[in-house]
$ cat coords.tsv   # TSV, C-alpha atoms
chain	number	residue	atom	x	y	z
A	24	MET	CA	-16.50	-68.86	-21.29
A	25	LEU	CA	-16.34	-72.32	-19.72
A	26	ASP	CA	-12.62	-71.85	-19.15
A	27	ILE	CA	-13.31	-68.64	-17.26
A	28	LEU	CA	-15.97	-70.34	-15.14
A	29	ASN	CA	-13.70	-73.28	-14.39
A	30	ASP	CA	-10.90	-70.89	-13.40
A	31	LEU	CA	-13.24	-68.91	-11.15
A	32	SER	CA	-14.53	-72.04	-9.41
A	33	LYS	CA	-10.97	-72.83	-8.23
A	34	LYS	CA	-10.47	-69.46	-6.52
A	35	PRO	CA	-11.18	-68.62	-2.88
A	36	THR	CA	-14.57	-67.03	-2.21
A	37	THR	CA	-13.18	-63.55	-1.46
A	38	GLU	CA	-11.11	-63.47	-4.63
A	39	LEU	CA	-14.08	-64.78	-6.58
A	40	ALA	CA	-16.35	-62.07	-5.12
A	41	LEU	CA	-13.84	-59.37	-6.02
A	42	GLN	CA	-13.56	-60.66	-9.56
A	43	ILE	CA	-17.36	-60.76	-9.91
A	44	MET	CA	-17.56	-57.15	-8.67
A	45	GLU	CA	-14.89	-56.12	-11.19
A	46	LEU	CA	-16.74	-57.84	-14.03
A	47	SER	CA	-20.01	-56.23	-12.95
A	48	SER	CA	-18.33	-52.82	-12.97
A	49	GLU	CA	-16.91	-53.40	-16.45
A	50	ASN	CA	-20.34	-54.55	-17.63
A	51	LEU	CA	-21.96	-51.38	-16.26
A	52	ILE	CA	-19.40	-49.22	-18.10
A	53	LEU	CA	-20.08	-51.08	-21.36
A	54	GLU	CA	-23.83	-50.67	-20.91
A	55	GLN	CA	-23.38	-46.91	-20.38
A	56	GLN	CA	-21.20	-46.66	-23.49
A	57	CYS	CA	-23.79	-48.52	-25.58
A	58	LYS	CA	-26.56	-46.25	-24.27
A	59	LYS	CA	-24.56	-43.14	-25.19
A	60	GLN	CA	-23.81	-44.51	-28.66
A	61	LYS	CA	-27.51	-45.25	-29.24
A	62	GLU	CA	-28.42	-41.70	-28.17
A	63	VAL	CA	-25.86	-40.23	-30.58
A	64	ILE	CA	-26.98	-42.46	-33.44
A	65	ASP	CA	-30.60	-41.47	-32.78
A	66	LYS	CA	-29.59	-37.79	-32.91
A	67	ALA	CA	-27.84	-38.34	-36.24
A	68	ILE	CA	-30.85	-40.12	-37.70
A	69	GLU	CA	-33.21	-37.40	-36.47
A	70	TYR	CA	-30.98	-34.70	-37.95
A	71	LEU	CA	-30.76	-36.46	-41.30
A	72	GLU	CA	-34.51	-36.98	-41.43
A	73	GLN	CA	-35.19	-33.27	-40.85
A	74	LYS	CA	-33.49	-32.23	-44.10
A	75	PRO	CA	-33.14	-28.57	-43.13
A	76	VAL	CA	-33.63	-25.91	-45.81
A	77	VAL	CA	-31.75	-22.60	-46.17
A	78	MET	CA	-32.20	-19.73	-48.57
A	79	VAL	CA	-29.40	-19.35	-51.13
A	80	ASN	CA	-29.70	-16.35	-53.46
A	81	GLY	CA	-33.41	-16.18	-52.64
A	82	GLU	CA	-33.97	-19.86	-53.47
A	83	PRO	CA	-34.73	-22.58	-50.90
A	84	ARG	CA	-32.08	-25.27	-50.83
A	85	GLU	CA	-31.82	-28.42	-48.72
A	86	ILE	CA	-28.67	-28.70	-46.64
A	87	TYR	CA	-26.83	-31.87	-47.52
A	88	VAL	CA	-24.46	-33.68	-45.18
A	89	GLU	CA	-21.38	-32.35	-46.97
A	90	ASP	CA	-22.66	-28.79	-46.44
A	91	ASP	CA	-22.97	-29.03	-42.68
A	92	ASN	CA	-20.60	-29.87	-39.85
A	93	LYS	CA	-23.41	-30.64	-37.41
A	94	LEU	CA	-23.49	-34.31	-38.36
A	95	LEU	CA	-19.75	-34.51	-37.87
A	96	ASP	CA	-20.10	-33.01	-34.38
A	97	ILE	CA	-22.83	-35.50	-33.49
A	98	LEU	CA	-20.78	-38.45	-34.71
A	99	LYS	CA	-17.73	-37.25	-32.79
A	100	GLU	CA	-19.74	-37.79	-29.60
A	101	ILE	CA	-19.49	-41.51	-30.26
A	102	GLY	CA	-15.76	-41.35	-29.66
A	103	GLU	CA	-16.15	-39.80	-26.22
$ encode --input "coords.tsv" --output "structure tokens"
Amino acid sequence: MLDILNDLSKKPTTELALQIMELSSENLILEQQCKKQKEVIDKAIEYLEQKPVVMVNGEPREIYVEDDNKLLDILKEIGE
């Protein structure tokens, strides 16, 4: 980090300002990605905590993760 700061201090003000704007933009993108990932993780946790039940041959049965593709769909959102 100190190397980056030393390098930036040697650049003209305009170039430095442009680089700061670029870094700020990249930071904003990363913050948005982290927010989206947290939302998706929260959805997955909420879904897992619900433990939905379906009737199978007249008997109630909890749906386990391997029985349902919904969790997979939620987790795929992370990759977007």
$ atom_distance --input "coords.tsv" --atom1 "atom CA of Lys99 of chain A" --atom2 "atom CA of Gln60 of chain A"
10.3 Å
$ residues_around --input "coords.tsv" --residues "Lys66 of chain A" --least-positions-apart "2" --cutoff "12 Å" --atoms "only C-alpha atoms" --output "PyMOL selection string"
chain A and resi 59-64+68-73+93-101
$ axis_aligned_box --input "coords.tsv" --around "segment 98-102 of chain A" --padding-each-side "5 Å" --output "JSON"
{"center_x": -18.3, "center_y": -39.4, "center_z": -32.2, "size_x": 15.0, "size_y": 14.3, "size_z": 15.1}
$ atom_distance --input "coords.tsv" --atom1 "atom CA of Leu41 of chain A" --atom2 "atom CA of Gln56 of chain A"
22.8 Å
$ residues_around --input "coords.tsv" --residues "Ile86 of chain A" --least-positions-apart "5" --cutoff "7 Å" --atoms "only C-alpha atoms" --output "list in words"
Lys74, Pro75, Val76, Val77 and Asp91 of chain A
$ atom_distance --input "coords.tsv" --atom1 "atom CA of Ala67 of chain A" --atom2 "atom CA of Asn92 of chain A"
11.7 Å
